[in-house]
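Asks: The structure's right below; bear with me while I get my questions together.
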Amino acid sequence: MTDSLRYLIVILIAYLLGCLNPAYVIGRIKGVDVHALGSKNPGASNTMALMGWKFGILVGVHDIAKAVLATWLCFRLFPTLTLCREIAGVSCVLGHMFPFYLRFRGGKGFASMIGMIAVLNWKFMLIMAVGIVLITLITDYIVLGTLTTALAYPSYCLLTHQVTAAVLMAALAALIFYKHRENIVRIIKGTEPGLHQANRGELRADRQEEKKP
């Protein structure tokens, strides 16, 4: 088997695992269209805002776990393949962001990026997890912790002379920033819902229905 075929298998396996989207499935079961309500994003944050903490945590854990599985599994299959884990991780995140069966309207990629980093460098992931919590508590915006991590990991790769990995991660970070462009605009305008607002349940889909005349 040629390396080109191995890379193709890695990309396909990881991308398809990334396409698994519990936010969409849970929304369908509960009659909530995650593409039409809240931030219109089928990810953990919007699930939490629309359907509560339990479902948000479930989605977040799943989105992290699928990237862990994809990155670990592909490396187990092809341990000698150069940058196998990085390519698998990025492919999984892309599957989460652009699932074919949802017309490429997926999540924003952050949870799956965390899962990928957990396999690539778990010590760095733990440091960033603390950073995300602190940034969120200080600013009330999870997205700021998200974007900080998206920038931090490619920077780390570059500083540790992993040039090719840094390029891959920087390209992924650019996509994550693009996916969060509306959040960035809302933060600048002061209209982005914060963690405390979501915690109070003000954005819940069922409460939005109650407010309708």
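Residues are named by chain letter and number: chains run A, B, ... in the order of the structure tokens, numbers start at 1 in each chain, and ligands are numbered from 1 in the order shown.
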Using only C-alpha atoms, which protein or nucleic acid residues come within 10 Å of Arg105 of chain A? Drop anything in the same chain fewer than 5 positions from it, and give the result as a VMD selection string.
Replies: chain A and resid 35 40 to 42 96 to 100
Asks: Can you pull out every residue within 8 Å of segment 73-84 of chain A, counting only C-alpha atoms, but drop anything in the same chain fewer than 4 positions away, and send it as a list in words?
Replies: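 These residues fall inside the cut-off: Asp3, Arg6, Tyr7, Val10, Ile13, Ala14, Leu69, Ala88 and Ala165 of chain A.
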Asks: If I take atom CA of Leu147 of chain A and atom CA of Leu172 of chain A, how far is one from the other in Å, to one decimal?
Replies: 11.5 Å
Asks: Using only C-alpha atoms for the distances, tell me which of A:Thr148, A:Thr139, A:Ser91, A:Gln162 is nearest to Met116 of chain A.
Replies: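 For Met116 of chain A, the nearest of the given residues is A:Ser91.
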Asks: Using only C-alpha atoms, pick whichever of A:Ala150, A:Ile64, A:Leu8, A:Ala23 has the shortest atom-to-atom distance to Tyr178 of chain A.
Replies: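 Result for the nearest residue to Tyr178 of chain A: A:Ala150.
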